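Asks: My structure file target.txt, compact mmCIF, C-alpha atoms, is below:
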# COMPACT_ATOMS: atom_id res chain seq x y z
CA MET A 273 -0.91 8.65 -12.30
CA LYS A 274 2.61 7.85 -11.12
CA GLU A 275 2.29 5.80 -7.91
CA CYS A 276 4.85 6.93 -5.34
CA PHE A 277 5.70 6.43 -1.67
CA ARG A 278 7.39 8.76 0.81
CA TRP A 279 10.76 7.44 2.02
CA TYR A 280 12.87 9.03 4.76
CA GLY A 281 16.16 7.52 3.71
CA PRO A 282 18.21 4.59 5.00
CA SER A 283 16.97 5.11 8.58
CA ASP A 284 13.30 4.82 7.55
CA PRO A 285 11.63 1.84 9.28
CA VAL A 286 9.93 1.10 5.95
CA PRO A 287 12.64 -0.16 3.57
CA LEU A 288 12.63 0.41 -0.17
CA ALA A 289 12.06 -3.30 -0.77
CA HIS A 290 8.71 -3.12 1.04
CA ILE A 291 7.73 -0.03 -0.93
CA ALA A 292 8.40 -1.93 -4.14
CA GLN A 293 6.23 -4.78 -2.85
CA ALA A 294 3.39 -2.28 -2.36
CA GLY A 295 3.48 -1.69 -6.12
CA ALA A 296 4.79 1.86 -6.07
CA THR A 297 7.35 2.72 -8.71
CA GLY A 298 8.34 6.23 -7.59
CA ILE A 299 9.94 7.57 -4.43
CA VAL A 300 9.29 10.91 -2.76
CA SER A 301 12.30 11.83 -0.64
CA ALA A 302 14.83 14.47 0.35
CA LEU A 303 18.25 14.93 1.90
CA HIS A 304 16.76 14.64 5.37
CA GLY A 305 18.91 16.28 7.97
CA ILE A 306 19.91 19.33 5.91
CA TYR A 307 17.41 21.82 7.25
CA ASP A 308 19.62 24.87 7.84
CA GLY A 309 19.09 26.42 4.41
CA SER A 310 22.54 25.50 3.12
CA PRO A 311 22.92 24.21 -0.46
CA TRP A 312 22.36 20.51 -1.05
CA PRO A 313 25.58 18.81 -2.21
CA GLU A 314 25.28 17.21 -5.62
CA ASP A 315 27.30 14.16 -4.57
CA ALA A 316 24.87 13.51 -1.69
CA LEU A 317 21.92 13.80 -4.09
CA LEU A 318 23.50 11.34 -6.51
CA LYS A 319 24.25 8.88 -3.70
CA HIS A 320 20.65 9.08 -2.45
CA LYS A 321 19.34 8.60 -5.97
CA ALA A 322 21.62 5.60 -6.56
CA THR A 323 20.29 3.93 -3.40
CA ILE A 324 16.72 4.37 -4.65
CA GLU A 325 17.52 3.10 -8.14
CA ALA A 326 19.36 0.06 -6.77
CA ALA A 327 15.99 -1.04 -5.36
CA GLY A 328 14.42 -0.79 -8.82
CA LEU A 329 12.63 2.48 -8.03
CA GLU A 330 12.78 6.05 -9.34
CA TRP A 331 13.32 9.23 -7.34
CA SER A 332 10.27 11.05 -8.72
CA VAL A 333 9.76 13.99 -6.34
CA VAL A 334 11.96 15.94 -3.95
CA GLU A 335 9.98 16.73 -0.81
CA SER A 336 11.20 19.08 0.51
CA ILE A 337 13.99 21.61 0.10
CA PRO A 338 13.35 23.62 3.27
CA VAL A 339 12.58 27.32 2.94
CA HIS A 340 14.64 29.18 5.53
CA ASN A 341 12.76 31.25 8.08
CA SER A 342 14.53 34.45 7.00
CA ILE A 343 12.78 34.14 3.63
CA LYS A 344 9.39 33.83 5.29
CA ILE A 345 9.82 36.86 7.56
CA GLY A 346 11.64 38.95 4.95
CA ALA A 347 14.81 39.34 7.02
CA PRO A 348 17.85 41.12 5.52
CA GLU A 349 19.76 37.87 5.14
CA ARG A 350 17.05 36.23 3.02
CA ASP A 351 18.85 36.88 -0.27
CA ARG A 352 21.75 34.68 0.84
CA TYR A 353 19.37 31.83 1.61
CA ILE A 354 17.44 32.34 -1.63
CA GLY A 355 20.76 32.08 -3.46
CA TRP A 356 21.51 28.81 -1.70
CA TYR A 357 18.00 27.60 -2.55
CA LYS A 358 18.74 28.26 -6.21
CA ASP A 359 21.97 26.27 -5.85
CA SER A 360 19.98 23.35 -4.43
CA LEU A 361 17.48 23.54 -7.30
CA ARG A 362 20.28 23.39 -9.85
CA ALA A 363 21.86 20.42 -8.06
CA VAL A 364 18.52 18.58 -7.96
CA ALA A 365 18.07 19.17 -11.69
CA ARG A 366 21.56 17.88 -12.45
CA ALA A 367 20.73 14.78 -10.38
CA GLY A 368 17.78 14.14 -12.68
CA VAL A 369 14.80 14.82 -10.39
CA SER A 370 12.33 17.23 -11.96
CA THR A 371 9.60 17.85 -9.36
CA VAL A 372 10.21 19.80 -6.14
CA CYS A 373 7.55 20.05 -3.43
CA TYR A 374 8.01 22.65 -0.67
CA ASN A 375 5.93 24.50 1.88
CA PHE A 376 5.74 28.05 3.23
CA MET A 377 4.16 27.36 6.63
CA PRO A 378 5.50 29.67 9.34
CA VAL A 379 7.19 28.11 12.41
CA LEU A 380 5.44 24.71 12.29
CA ASP A 381 4.82 22.25 9.47
CA TRP A 382 1.95 19.77 9.65
CA THR A 383 0.41 19.79 13.11
CA ARG A 384 -1.54 17.21 15.12
CA THR A 385 -2.44 16.95 18.81
CA GLU A 386 -2.86 13.14 18.75
CA LEU A 387 -0.74 10.55 16.97
CA LYS A 388 -2.63 7.43 18.05
CA HIS A 389 -6.32 8.24 18.03
CA PRO A 390 -8.31 4.96 18.24
CA MET A 391 -10.64 4.18 15.35
CA PRO A 392 -13.71 1.89 15.66
CA ASN A 393 -11.89 -0.95 13.85
CA GLY A 394 -8.89 -0.88 16.22
CA ALA A 395 -6.56 1.05 13.93
CA LEU A 396 -4.93 4.26 15.13
CA ALA A 397 -5.14 7.61 13.33
CA LEU A 398 -3.62 11.07 13.50
CA ARG A 399 -5.99 13.69 14.91
CA PHE A 400 -6.16 17.42 15.51
CA ASP A 401 -8.29 18.28 18.54
CA ALA A 402 -9.23 21.95 18.31
CA VAL A 403 -10.10 22.26 22.01
CA ASP A 404 -6.87 20.58 23.14
CA PHE A 405 -4.93 22.90 20.86
CA ALA A 406 -6.60 25.99 22.31
CA ALA A 407 -6.01 24.69 25.84
CA TYR A 408 -2.33 24.26 25.10
CA ASP A 409 -1.98 27.66 23.41
CA VAL A 410 -3.81 29.68 26.07
CA PHE A 411 -3.12 27.85 29.33
CA ILE A 412 0.12 25.88 28.87
CA LEU A 413 2.19 27.80 26.34
CA LYS A 414 0.55 31.04 27.55
CA ARG A 415 1.28 32.78 24.27
CA PRO A 416 0.82 36.55 24.69
CA GLY A 417 -2.56 37.56 23.26
CA ALA A 418 -3.61 33.96 22.62
CA GLU A 419 -6.98 34.25 24.34
CA GLY A 420 -8.03 36.99 21.92
CA ASP A 421 -7.52 34.66 18.94
CA TYR A 422 -10.35 32.36 20.03
CA ALA A 423 -14.08 32.81 20.45
CA PRO A 424 -15.10 33.20 24.12
CA GLU A 425 -16.93 29.87 23.98
CA ARG A 426 -13.78 28.09 22.78
CA VAL A 427 -11.76 29.62 25.62
CA ARG A 428 -14.34 28.34 28.12
CA GLU A 429 -14.19 24.87 26.52
CA ALA A 430 -10.40 24.95 26.70
CA GLU A 431 -10.46 25.98 30.34
CA ALA A 432 -12.83 23.11 31.17
CA ARG A 433 -10.59 20.71 29.25
CA MET A 434 -7.58 21.88 31.23
CA ALA A 435 -9.41 21.20 34.49
CA ASP A 436 -9.66 17.50 33.57
CA MET A 437 -6.28 17.16 31.83
CA THR A 438 -3.63 14.98 33.42
CA GLU A 439 0.01 16.02 33.40
CA GLU A 440 0.80 13.05 31.18
CA ARG A 441 -1.80 14.07 28.59
CA ALA A 442 -0.65 17.69 28.64
CA ALA A 443 2.95 16.58 28.11
CA ARG A 444 1.91 14.32 25.23
CA ILE A 445 0.00 17.11 23.50
CA GLU A 446 2.99 19.43 23.84
CA ARG A 447 5.35 16.77 22.54
CA ASN A 448 3.12 16.11 19.53
CA LEU A 449 2.75 19.80 18.72
CA ILE A 450 6.28 21.14 19.06
CA ALA A 451 8.83 18.33 19.33
CA GLY A 452 8.99 17.69 15.60
CA LEU A 453 7.04 15.26 13.42
CA PRO A 454 8.15 13.54 10.18
CA ALA A 455 8.84 16.14 7.47
CA SER A 456 9.13 18.86 10.12
CA GLU A 457 12.08 21.18 9.74
CA ARG A 458 12.42 22.41 13.31
CA GLN A 459 12.05 21.19 16.87
CA TYR A 460 11.18 23.33 19.86
CA ASP A 461 10.76 23.47 23.57
CA ARG A 462 8.32 25.96 25.07
CA VAL A 463 10.83 28.81 25.28
CA LEU A 464 12.12 28.31 21.73
CA LEU A 465 8.59 28.14 20.33
CA LEU A 466 7.62 31.44 21.93
CA LYS A 467 10.80 32.98 20.53
CA ALA A 468 10.06 31.62 17.04
CA LEU A 469 6.49 32.95 17.18
CA ALA A 470 7.80 36.37 18.18
CA ASP A 471 9.60 36.59 14.81
CA TYR A 472 6.14 36.96 13.24
CA ASP A 473 4.81 39.66 15.56
CA GLY A 474 2.97 42.20 13.42
CA LEU A 475 3.40 40.17 10.22
CA THR A 476 0.12 40.08 8.28
CA ALA A 477 -1.08 37.53 5.74
CA ASP A 478 -0.40 40.11 3.01
CA ASP A 479 3.15 40.54 4.30
CA LEU A 480 3.75 36.80 4.27
CA HIS A 481 2.32 36.50 0.78
CA GLU A 482 4.59 39.27 -0.47
CA HIS A 483 7.59 37.42 0.99
CA LEU A 484 6.44 34.26 -0.81
CA ALA A 485 5.92 36.23 -4.02
CA HIS A 486 9.45 37.65 -3.77
CA PHE A 487 10.80 34.13 -3.27
CA LEU A 488 8.83 32.83 -6.28
CA ARG A 489 9.95 35.66 -8.53
CA GLU A 490 13.53 34.73 -7.67
CA ILE A 491 13.41 30.94 -7.95
CA THR A 492 10.84 30.34 -10.71
CA PRO A 493 13.16 31.50 -13.54
CA VAL A 494 15.84 29.13 -12.22
CA ALA A 495 13.36 26.25 -12.09
CA ALA A 496 12.18 27.02 -15.62
CA GLU A 497 15.74 27.17 -16.90
CA CYS A 498 16.52 23.80 -15.29
CA GLY A 499 13.30 22.08 -16.38
CA LEU A 500 12.00 21.79 -12.82
CA ARG A 501 8.40 21.89 -11.63
CA LEU A 502 7.90 23.63 -8.28
CA CYS A 503 4.79 22.74 -6.30
CA ILE A 504 3.85 24.41 -3.03
CA HIS A 505 2.14 22.28 -0.39
CA PRO A 506 -0.94 23.77 1.29
CA ASP A 507 -1.05 24.64 4.96
CA ASP A 508 -1.77 21.66 7.20
CA PRO A 509 -4.25 22.32 8.67
CA ALA A 510 -5.51 25.07 6.38
CA PHE A 511 -6.26 27.61 9.10
CA SER A 512 -4.30 29.79 11.50
CA LEU A 513 -2.40 28.24 14.40
CA PHE A 514 -0.75 30.19 17.26
CA GLY A 515 -2.05 33.41 15.67
CA LEU A 516 0.21 32.93 12.64
CA PRO A 517 -0.89 33.89 9.13
CA ARG A 518 -1.64 31.06 6.72
CA ILE A 519 -1.56 31.87 3.01
CA VAL A 520 -1.85 28.49 1.22
CA SER A 521 -5.27 27.41 2.45
CA THR A 522 -8.01 28.40 0.00
CA THR A 523 -8.88 28.62 -3.67
CA ALA A 524 -8.18 32.35 -3.56
CA ASP A 525 -4.76 31.68 -2.01
CA ALA A 526 -3.86 29.28 -4.81
CA ARG A 527 -4.88 31.80 -7.48
CA ARG A 528 -2.76 34.48 -5.85
CA ILE A 529 0.30 32.22 -5.60
CA LEU A 530 0.13 31.13 -9.23
CA ALA A 531 -0.29 34.74 -10.36
CA ALA A 532 2.76 35.82 -8.34
CA ALA A 533 5.00 34.02 -10.83
CA ASP A 534 2.82 33.20 -13.80
CA HIS A 535 4.84 30.37 -15.30
CA GLU A 536 4.16 26.65 -15.62
CA ALA A 537 7.20 25.97 -13.42
CA ASN A 538 5.37 27.60 -10.48
CA GLY A 539 2.72 25.09 -9.47
CA LEU A 540 0.82 23.35 -6.71
CA THR A 541 0.95 20.19 -4.66
CA PHE A 542 -2.71 19.21 -4.42
CA CYS A 543 -3.12 17.74 -0.93
CA VAL A 544 -6.69 16.52 -0.47
CA GLY A 545 -6.30 16.24 3.30
CA SER A 546 -4.92 19.75 3.81
CA TYR A 547 -7.34 21.60 1.55
CA GLY A 548 -10.05 19.28 2.88
CA THR A 549 -9.80 20.68 6.41
CA ARG A 550 -11.82 23.66 5.12
CA GLU A 551 -15.40 22.83 4.17
CA GLU A 552 -15.64 25.73 1.69
CA ASN A 553 -12.88 24.32 -0.53
CA ASP A 554 -14.53 22.56 -3.50
CA LEU A 555 -11.73 20.10 -4.22
CA PRO A 556 -12.80 18.69 -7.63
CA ALA A 557 -13.47 22.24 -8.82
CA MET A 558 -10.02 23.28 -7.62
CA VAL A 559 -8.41 20.47 -9.61
CA ARG A 560 -10.34 21.52 -12.71
CA GLU A 561 -9.32 25.17 -12.29
CA PHE A 562 -5.67 24.63 -11.41
CA GLY A 563 -5.08 21.35 -13.27
CA PRO A 564 -2.36 22.59 -15.66
CA ARG A 565 -0.31 23.80 -12.67
CA ILE A 566 -0.82 20.76 -10.40
CA HIS A 567 2.52 18.95 -10.43
CA PHE A 568 2.05 16.54 -7.50
CA ALA A 569 -0.84 15.07 -5.50
CA HIS A 570 -1.09 13.94 -1.88
CA LEU A 571 -4.11 11.69 -1.72
CA ARG A 572 -5.33 11.37 1.86
CA ASN A 573 -8.63 12.18 3.50
CA VAL A 574 -9.78 13.74 6.74
CA THR A 575 -13.07 13.69 8.59
CA ARG A 576 -14.00 17.17 9.76
CA GLU A 577 -15.68 17.33 13.16
CA PRO A 578 -18.27 19.93 14.25
CA ASP A 579 -15.98 21.72 16.71
CA GLY A 580 -13.18 22.34 14.19
CA SER A 581 -11.27 19.18 15.01
CA PHE A 582 -10.48 16.56 12.38
CA HIS A 583 -8.89 13.14 12.09
CA GLU A 584 -7.22 11.24 9.28
CA ALA A 585 -9.86 9.04 7.66
CA ASP A 586 -9.68 6.06 5.33
CA HIS A 587 -8.42 7.24 1.96
CA LEU A 588 -11.84 6.67 0.35
CA GLY A 589 -13.74 7.80 3.45
CA GLY A 590 -13.80 11.12 5.23
CA SER A 591 -15.31 14.46 4.34
CA SER A 592 -13.86 14.84 0.83
CA ASP A 593 -15.00 13.02 -2.30
CA MET A 594 -11.74 11.27 -3.14
CA PRO A 595 -13.01 9.45 -6.26
CA ALA A 596 -14.21 12.78 -7.69
CA VAL A 597 -10.78 14.30 -7.08
CA ILE A 598 -9.05 11.33 -8.72
CA ILE A 599 -11.35 11.55 -11.76
CA ALA A 600 -10.56 15.26 -12.09
CA LEU A 601 -6.82 14.52 -11.93
CA LEU A 602 -7.16 11.77 -14.56
CA ASP A 603 -9.10 14.20 -16.77
CA GLU A 604 -6.22 16.65 -16.42
CA GLN A 605 -3.74 13.97 -17.44
CA ALA A 606 -5.83 13.17 -20.53
CA ARG A 607 -5.91 16.85 -21.41
CA ARG A 608 -2.12 17.02 -21.13
CA VAL A 609 -1.69 13.98 -23.36
CA ALA A 610 -3.91 15.59 -25.99
CA GLU A 611 -1.88 18.78 -25.67
CA GLY A 612 1.36 16.86 -26.14
CA ARG A 613 2.86 17.74 -22.76
CA ALA A 614 5.88 15.63 -21.86
CA ASP A 615 5.01 15.96 -18.15
CA TRP A 616 1.53 14.56 -18.61
CA GLN A 617 1.77 12.07 -15.72
CA ILE A 618 1.06 13.46 -12.24
CA PRO A 619 2.96 11.78 -9.40
CA LEU A 620 0.84 10.88 -6.38
CA ARG A 621 1.47 9.42 -3.00
CA PRO A 622 -0.90 8.01 -0.36
CA ASP A 623 -0.40 9.94 2.83
CA HIS A 624 -0.93 9.57 6.58
CA GLY A 625 -2.15 6.00 6.63
CA HIS A 626 -3.64 4.48 9.74
CA LEU A 627 -1.46 2.45 12.07
CA MET A 628 -2.93 -1.04 11.73
CA ALA A 629 -2.40 -4.81 11.74
CA ASP A 630 1.19 -5.94 12.36
CA ASP A 631 2.44 -2.35 12.37
CA LEU A 632 0.66 -1.84 15.70
CA ASP A 633 3.29 -3.98 17.42
CA LYS A 634 6.37 -2.36 15.88
CA GLU A 635 8.56 -0.34 18.20
CA ARG A 636 9.59 2.29 15.66
CA ILE A 637 7.12 3.91 13.27
CA ASN A 638 7.10 7.41 11.81
CA PRO A 639 3.63 8.75 12.72
CA GLY A 640 1.45 8.74 9.60
CA TYR A 641 4.06 6.83 7.60
CA SER A 642 3.60 3.20 8.57
CA LEU A 643 3.69 0.68 5.72
CA ILE A 644 0.37 -1.14 5.93
CA GLY A 645 -1.91 1.90 6.27
CA ARG A 646 -0.32 3.59 3.27
CA LEU A 647 -0.31 0.31 1.34
CA ARG A 648 -4.06 0.05 1.92
CA GLY A 649 -4.48 3.65 0.78
CA LEU A 650 -2.45 3.09 -2.38
CA ALA A 651 -4.43 -0.05 -3.20
CA GLU A 652 -7.72 1.84 -2.81
CA ILE A 653 -6.49 4.73 -4.97
CA ARG A 654 -5.22 2.29 -7.58
CA GLY A 655 -8.60 0.57 -7.56
CA VAL A 656 -10.38 3.85 -8.29
CA MET A 657 -7.99 4.62 -11.13
CA GLN A 658 -8.35 1.16 -12.64
CA GLY A 659 -12.14 1.31 -12.31
CA VAL A 660 -12.28 4.67 -14.06
CA ALA A 661 -9.98 3.44 -16.84
CA THR A 662 -12.06 0.29 -17.36
CA GLU A 663 -15.35 2.20 -17.41
CA ARG A 664 -14.02 4.63 -19.98
CA ARG A 665 -12.60 1.87 -22.16
CA LEU A 666 -15.92 0.05 -22.17
CA ARG A 667 -17.77 3.26 -22.91
CA ALA A 668 -15.50 4.20 -25.83
In structure tokens, what does this structure look like?
Replies:
Amino acid sequence: MKECFRWYGPSDPVPLAHIAQAGATGIVSALHGIYDGSPWPEDALLKHKATIEAAGLEWSVVESIPVHNSIKIGAPERDRYIGWYKDSLRAVARAGVSTVCYNFMPVLDWTRTELKHPMPNGALALRFDAVDFAAYDVFILKRPGAEGDYAPERVREAEARMADMTEERAARIERNLIAGLPASERQYDRVLLLKALADYDGLTADDLHEHLAHFLREITPVAAECGLRLCIHPDDPAFSLFGLPRIVSTTADARRILAAADHEANGLTFCVGSYGTREENDLPAMVREFGPRIHFAHLRNVTREPDGSFHEADHLGGSSDMPAVIIALLDEQARRVAEGRADWQIPLRPDHGHLMADDLDKERINPGYSLIGRLRGLAEIRGVMQGVATERRLRA
């Protein structure tokens, strides 16, 4: 597979030179800072691409062109923003990048309550604490109707957690949840979050899916015409937060999305960590079923905890069988080669590495996107791929 690294542009604490030293050859990036739904300027795309290529790397995947909130809620002005999205797709294609990852998560993107959860070996991981989240939702944010979205036992656990929670911890949880993490499109305070959530009052999962389907029916023909591959990222985590519908969380969700615009240009980003937050998702089976429409892979792992919490695990550890997923992806690549597909190679990136070693002492790190943790993850993934290739060569 094509080994890539996420890069947040010239302000990223991890420079392109260090990414090249990790052995990656592709970059996953975007025009960070343009999150208002306006069209991406072609000259800015070409400048960004030239910076990447000057480091001897290739801009392999755009992640992400933000989907404006009006599209998600089906507001009257959505057609203007869909038109601008099409303009951005055409500009990306003219700049020579062919894979576009995006998400359709309402209000919040990826969500964690802890950014520096201590691991037994001294490294620090991202973590989602389900009880802390409920405590924040019910007793700090005080979202209308929040208590009814949780089992009575969870509300009691949250209330007990609040009784022992310091002001500093409560403030940290709130900051982690709503102040904006890397790859997040919006930042909130408590008042703005409640206002944003109110936009979705009465919106069902079927409603949200229909808005996504409308969006896909509009943009997929443009992507096909331009030779682009669209790949939707699953919900992270793959279950409801703040009472909001989530529609990219399960095998059934993926089937429904692909059927909404049944064209090869409409595909999936296969994120092991996101789909892996739900025990019922059979990840290798999902790769085998959706393989022809998987255009990008996020290879990270999570350890699910009994109370619904989870933390980012080692890439080859955690609750999901990462080697089995990698083997299924390599099988899909082999199938594409036999079929004669030009886009046979699937780009991947290691994701959400642990904060470890010398990175622990650095003042500025994007949570989940430190160098050494992702470098370790990429090395482990590469080792699996090389081991599989060697075993198959010897067996042939």
Asks: Please, which residues in range 498-554 of chain A fall within 12 Å of range 587-609 of chain A when counting all atoms listed in the file, and what is the closest atom pair and distance in Å to one decimal for each, ordered by chain then residue number, as a Markdown table?
Replies:
| residue | atom | partner | partner_atom | distance |
| --- | --- | --- | --- | --- |
| A:Phe542 | CA | A:Leu601 | CA | 9.8 |
| A:Cys543 | CA | A:Val597 | CA | 10.4 |
| A:Val544 | CA | A:Ser592 | CA | 7.5 |
| A:Gly545 | CA | A:Ser592 | CA | 8.1 |
| A:Ser546 | CA | A:Ser592 | CA | 10.6 |
| A:Tyr547 | CA | A:Ser592 | CA | 9.4 |
| A:Gly548 | CA | A:Ser592 | CA | 6.2 |
| A:Thr549 | CA | A:Ser591 | CA | 8.6 |
| A:Arg550 | CA | A:Ser591 | CA | 9.9 |
| A:Glu551 | CA | A:Ser591 | CA | 8.4 |
| A:Glu552 | CA | A:Ser592 | CA | 11.1 |
| A:Asn553 | CA | A:Ser592 | CA | 9.6 |
| A:Asp554 | CA | A:Ser592 | CA | 8.9 |
Asks: Here is a test: counting all atoms listed in the file, which residue of A:Gly281, A:Gly328, A:Pro506, A:Pro313 is nearest to Ala363 in chain A?
Replies: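 Of A:Gly281, A:Gly328, A:Pro506, A:Pro313, the one nearest Ala363 in chain A, counting all atoms listed in the file, is A:Pro313.
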Asks: Given the choices A:Ala477, A:Leu513, A:Ala585, A:Leu650, which gets closest to Ala406 in chain A if the distance is worked out from only C-alpha atoms?
Replies: A:Leu513
Asks: Find the axis-aligned box for range 322-326 of chain A, covering all its listed atoms and adding 4 Å on each side, and write its centre and edge lengths in Å to one decimal as AutoDock Vina command-line options.
Replies:
--center_x 19.2 --center_y 2.8 --center_z -5.8 --size_x 12.9 --size_y 13.5 --size_z 12.7
Asks: Do you have the CA of Ala365 in chain A-CA of Cys498 in chain A distance handy?
Replies: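 For CA of Ala365 in chain A relative to CA of Cys498 in chain A, the distance reads 6.1 Å.
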Asks: With distances taken over only C-alpha atoms, which of A:Ile653, A:Leu540, A:Ile529, A:Leu488 is nearest to Ala569 in chain A?
Replies: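 Closest candidate: A:Leu540.
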Asks: Counting all atoms listed in the file, figure out which residue out of A:Phe562, A:Ser642, A:Phe400, A:Ile504 gets nearest to Glu577 in chain A.
Replies: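 For Glu577 in chain A, the nearest of the given residues is A:Phe400.
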Asks: Counting only C-alpha atoms, which residues have an atom no more than 10 Å from (-6.8, 13.7, 10.0) in the file's coordinates? Please list them as number ranges by chain.
Replies: A: 383-384, 386-387, 389, 397-401, 508-509, 545-546, 548-549, 572-576, 581-586, 590, 624-626, 640
Asks: Counting all atoms listed in the file, find residues at most 8 Å from (4.1, 9.7, 3.8) (file frame) and give them as a list of chain:residue names.
Replies: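 These residues have at least one counted atom within 8 Å: A:Phe277, A:Arg278, A:Trp279, A:Arg621, A:Pro622, A:Asp623, A:His624, A:Gly625, A:Gly640, A:Tyr641, A:Arg646.
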Asks: When distances are computed from all atoms listed in the file, which of A:Met391, A:Ile299, A:Ala347, A:Ile354 shows the smallest separation from Lys321 in chain A?
Replies: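 Comparing A:Met391, A:Ile299, A:Ala347, A:Ile354 against Lys321 in chain A, the winner is A:Ile299.
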Asks: How many Å lie between CA of Thr523 in chain A and CA of Met377 in chain A, rounded to one decimal?
Replies: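 Separation of CA of Thr523 in chain A and CA of Met377 in chain A: 16.7 Å.
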Asks: Using only C-alpha atoms, find the one residue out of A:Glu275, A:Asp359, A:Glu440, A:Glu349 that sits nearest to Ser310 in chain A.
Replies: A:Asp359
Asks: Env of Pro378 in chain A: 10 Å cut, atoms = only C-alpha atoms, seq-sep filter 5 positions within chain, self excluded. Answer as a PyMOL selection string.
Replies: chain A and resi 339-341+344-345+468-469+471-472+480+507+513+516-519
Asks: The selected residues should be written to file as a PDB file, in the frame of the given file (atoms: C-alpha atoms).
Replies:
ATOM      1  CA  VAL A 339      12.580  27.320   2.940  1.00  0.00           C
ATOM      2  CA  HIS A 340      14.640  29.180   5.530  1.00  0.00           C
ATOM      3  CA  ASN A 341      12.760  31.250   8.080  1.00  0.00           C
ATOM      4  CA  LYS A 344       9.390  33.830   5.290  1.00  0.00           C
ATOM      5  CA  ILE A 345       9.820  36.860   7.560  1.00  0.00           C
ATOM      6  CA  ALA A 468      10.060  31.620  17.040  1.00  0.00           C
ATOM      7  CA  LEU A 469       6.490  32.950  17.180  1.00  0.00           C
ATOM      8  CA  ASP A 471       9.600  36.590  14.810  1.00  0.00           C
ATOM      9  CA  TYR A 472       6.140  36.960  13.240  1.00  0.00           C
ATOM     10  CA  LEU A 480       3.750  36.800   4.270  1.00  0.00           C
ATOM     11  CA  ASP A 507      -1.050  24.640   4.960  1.00  0.00           C
ATOM     12  CA  LEU A 513      -2.400  28.240  14.400  1.00  0.00           C
ATOM     13  CA  LEU A 516       0.210  32.930  12.640  1.00  0.00           C
ATOM     14  CA  PRO A 517      -0.890  33.890   9.130  1.00  0.00           C
ATOM     15  CA  ARG A 518      -1.640  31.060   6.720  1.00  0.00           C
ATOM     16  CA  ILE A 519      -1.560  31.870   3.010  1.00  0.00           C
TER      17      ILE A 519
END
Asks: Within 8 Å of Pro285 in chain A, counting all atoms listed in the file, which residues show up once you throw out same-chain ones fewer than 3 positions away? Write them as a ChimeraX atom specification, please.
Replies: /A:636-638
Asks: What does the structure give for the distance between CA of Ile566 in chain A and CA of Cys503 in chain A, in Å to one decimal?
Replies: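 Computed distance, CA of Ile566 in chain A to CA of Cys503 in chain A, equals 7.2 Å.
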Asks: Write out as a PyMOL selection string each polymer residue whose atoms come within 7 Å of Leu500 in chain A, counting all atoms listed in the file; drop sequence neighbours fewer than 6 positions from it.
Replies: chain A and resi 365+370-371+537
